[in-house]
Amino acid sequence: MSKYDKLVEEILQGKSDKNISFEDLCHLLQRLGFAERIRGSHHIFRKQGVEEKLNLQRDGSKAKPYQVRQVRTVILRYTLGG
């Protein structure tokens, strides 16, 4: 099981939303086919066929927990990540 498979599993379980690395989350979204655009401190992710736009910001070295929940919702809604 790869690092990103473990990360998807961790996100889907929803037990540690506060402990997801911001960099790992950004790399995961890129691996899932999202295009990243950076505007200041905002990392905006878009993907063809996905209505939602994901706007992520750092909270130190971690991703903000509510944004991890948004990513979980998109992964489940569009059955991304295998």
# chains A, B, ... in the order shown; residues from 1 in each chain; ligands from 1
>>> select_by_dssp(residues="chain A", states="strand (DSSP E or B)", output="list of chain:residue names")
A:Ser21, A:Ala35, A:Glu36, A:Arg37, A:Ile38, A:Arg39, A:His42, A:His43, A:Ile44, A:Phe45, A:Arg46, A:Leu54, A:Asn55, A:Leu56, A:Arg58, A:Asp59, A:Lys62, A:Ala63
>>> write_last_selection(atoms="N, CA, C and O atoms", output="PDB file, in the first residue's frame")
ATOM      1  N   SER A  21      -1.013  16.342   6.813  1.00  0.00           N
ATOM      2  CA  SER A  21      -0.002  17.283   6.325  1.00  0.00           C
ATOM      3  C   SER A  21      -0.553  18.058   5.129  1.00  0.00           C
ATOM      4  O   SER A  21      -1.142  17.480   4.207  1.00  0.00           O
ATOM      5  N   ALA A  35      -5.932  20.234 -10.926  1.00  0.00           N
ATOM      6  CA  ALA A  35      -4.973  21.271 -11.310  1.00  0.00           C
ATOM      7  C   ALA A  35      -4.894  22.283 -10.176  1.00  0.00           C
ATOM      8  O   ALA A  35      -5.921  22.692  -9.629  1.00  0.00           O
ATOM      9  N   GLU A  36      -3.679  22.697  -9.822  1.00  0.00           N
ATOM     10  CA  GLU A  36      -3.469  23.621  -8.710  1.00  0.00           C
ATOM     11  C   GLU A  36      -3.154  25.019  -9.234  1.00  0.00           C
ATOM     12  O   GLU A  36      -2.388  25.184 -10.176  1.00  0.00           O
ATOM     13  N   ARG A  37      -3.788  25.995  -8.593  1.00  0.00           N
ATOM     14  CA  ARG A  37      -3.486  27.400  -8.883  1.00  0.00           C
ATOM     15  C   ARG A  37      -3.253  28.053  -7.527  1.00  0.00           C
ATOM     16  O   ARG A  37      -4.034  27.853  -6.593  1.00  0.00           O
ATOM     17  N   ILE A  38      -2.207  28.833  -7.408  1.00  0.00           N
ATOM     18  CA  ILE A  38      -1.875  29.459  -6.132  1.00  0.00           C
ATOM     19  C   ILE A  38      -2.094  30.960  -6.239  1.00  0.00           C
ATOM     20  O   ILE A  38      -1.564  31.605  -7.142  1.00  0.00           O
ATOM     21  N   ARG A  39      -2.890  31.499  -5.331  1.00  0.00           N
ATOM     22  CA  ARG A  39      -3.158  32.935  -5.243  1.00  0.00           C
ATOM     23  C   ARG A  39      -2.847  33.363  -3.809  1.00  0.00           C
ATOM     24  O   ARG A  39      -3.676  33.165  -2.920  1.00  0.00           O
ATOM     25  N   HIS A  42      -3.603  30.952  -0.785  1.00  0.00           N
ATOM     26  CA  HIS A  42      -4.676  30.040  -1.176  1.00  0.00           C
ATOM     27  C   HIS A  42      -4.199  29.110  -2.293  1.00  0.00           C
ATOM     28  O   HIS A  42      -3.705  29.566  -3.316  1.00  0.00           O
ATOM     29  N   HIS A  43      -4.372  27.813  -2.069  1.00  0.00           N
ATOM     30  CA  HIS A  43      -4.076  26.804  -3.079  1.00  0.00           C
ATOM     31  C   HIS A  43      -5.435  26.303  -3.568  1.00  0.00           C
ATOM     32  O   HIS A  43      -6.171  25.658  -2.820  1.00  0.00           O
ATOM     33  N   ILE A  44      -5.753  26.614  -4.821  1.00  0.00           N
ATOM     34  CA  ILE A  44      -7.070  26.325  -5.363  1.00  0.00           C
ATOM     35  C   ILE A  44      -6.949  25.151  -6.326  1.00  0.00           C
ATOM     36  O   ILE A  44      -6.127  25.173  -7.245  1.00  0.00           O
ATOM     37  N   PHE A  45      -7.759  24.130  -6.106  1.00  0.00           N
ATOM     38  CA  PHE A  45      -7.715  22.913  -6.908  1.00  0.00           C
ATOM     39  C   PHE A  45      -9.016  22.752  -7.670  1.00  0.00           C
ATOM     40  O   PHE A  45     -10.097  22.845  -7.096  1.00  0.00           O
ATOM     41  N   ARG A  46      -8.892  22.500  -8.982  1.00  0.00           N
ATOM     42  CA  ARG A  46     -10.041  22.274  -9.868  1.00  0.00           C
ATOM     43  C   ARG A  46      -9.787  21.007 -10.667  1.00  0.00           C
ATOM     44  O   ARG A  46      -8.642  20.671 -10.958  1.00  0.00           O
ATOM     45  N   LEU A  54     -11.778  23.303  -4.616  1.00  0.00           N
ATOM     46  CA  LEU A  54     -11.191  23.123  -3.291  1.00  0.00           C
ATOM     47  C   LEU A  54     -10.172  24.222  -3.047  1.00  0.00           C
ATOM     48  O   LEU A  54      -9.227  24.383  -3.807  1.00  0.00           O
ATOM     49  N   ASN A  55     -10.386  24.981  -1.990  1.00  0.00           N
ATOM     50  CA  ASN A  55      -9.530  26.105  -1.637  1.00  0.00           C
ATOM     51  C   ASN A  55      -8.852  25.748  -0.320  1.00  0.00           C
ATOM     52  O   ASN A  55      -9.493  25.715   0.729  1.00  0.00           O
ATOM     53  N   LEU A  56      -7.559  25.463  -0.368  1.00  0.00           N
ATOM     54  CA  LEU A  56      -6.825  25.026   0.818  1.00  0.00           C
ATOM     55  C   LEU A  56      -5.857  26.098   1.285  1.00  0.00           C
ATOM     56  O   LEU A  56      -5.275  26.814   0.471  1.00  0.00           O
ATOM     57  N   ARG A  58      -2.758  26.706   4.541  1.00  0.00           N
ATOM     58  CA  ARG A  58      -1.951  26.085   5.599  1.00  0.00           C
ATOM     59  C   ARG A  58      -2.453  26.493   6.986  1.00  0.00           C
ATOM     60  O   ARG A  58      -2.952  27.585   7.176  1.00  0.00           O
ATOM     61  N   ASP A  59      -2.245  25.587   7.926  1.00  0.00           N
ATOM     62  CA  ASP A  59      -2.380  25.880   9.345  1.00  0.00           C
ATOM     63  C   ASP A  59      -1.096  25.354   9.974  1.00  0.00           C
ATOM     64  O   ASP A  59      -1.059  24.251  10.496  1.00  0.00           O
ATOM     65  N   LYS A  62       0.175  21.736   8.774  1.00  0.00           N
ATOM     66  CA  LYS A  62      -0.995  20.876   8.601  1.00  0.00           C
ATOM     67  C   LYS A  62      -2.054  21.560   7.750  1.00  0.00           C
ATOM     68  O   LYS A  62      -2.071  22.774   7.593  1.00  0.00           O
ATOM     69  N   ALA A  63      -2.968  20.754   7.228  1.00  0.00           N
ATOM     70  CA  ALA A  63      -4.135  21.283   6.530  1.00  0.00           C
ATOM     71  C   ALA A  63      -5.206  21.596   7.569  1.00  0.00           C
ATOM     72  O   ALA A  63      -5.258  20.970   8.632  1.00  0.00           O
TER      73      ALA A  63
END
>>> residues_around(residues="Tyr66 of chain A", least_positions_apart="6", cutoff="10 Å", atoms="only C-alpha atoms", output="list in words")
Asp17, Lys18, Leu56 and Arg72 of chain A
>>> write_last_selection(atoms="C-alpha atoms", output="compact mmCIF listing (two decimals), in the first residue's frame")
# COMPACT_ATOMS: atom_id res chain seq x y z
CA ASP A 17 -8.48 15.51 10.30
CA LYS A 18 -6.20 17.71 12.42
CA LEU A 56 -6.82 25.03 0.82
CA ARG A 72 -13.31 13.80 1.97
>>> select_by_dssp(residues="chain A", states="alpha helix (DSSP H)", output="number ranges by chain")
A: 3-13, 22-31, 65-77
>>> atom_distance(atom1="atom CA of Gly81 of chain A", atom2="atom CA of Leu7 of chain A")
9.9 Å
>>> closest_residue(among="A:Gly40, A:Pro65, A:Gly82, A:Gly33", to="Val8 of chain A", atoms="only C-alpha atoms")
A:Gly82
>>> atom_distance(atom1="atom CA of Gln13 of chain A", atom2="atom CA of Gln48 of chain A")
25.7 Å
>>> atom_distance(atom1="atom CA of Gly60 of chain A", atom2="atom CA of Val74 of chain A")
23.6 Å
>>> closest_residue(among="A:Lys47, A:Arg31, A:Lys3, A:Arg69", to="Ser16 of chain A", atoms="only C-alpha atoms")
A:Arg69
>>> closest_residue(among="A:Phe34, A:Ser41, A:Met1, A:Leu76", to="Gln57 of chain A", atoms="only C-alpha atoms")
A:Ser41
>>> closest_residue(among="A:Gly14, A:Thr79, A:Leu28, A:Ile20", to="Ser2 of chain A", atoms="only C-alpha atoms")
A:Leu28
>>> closest_residue(among="A:Lys15, A:Phe22, A:Glu51, A:Leu29", to="Val71 of chain A", atoms="only C-alpha atoms")
A:Leu29
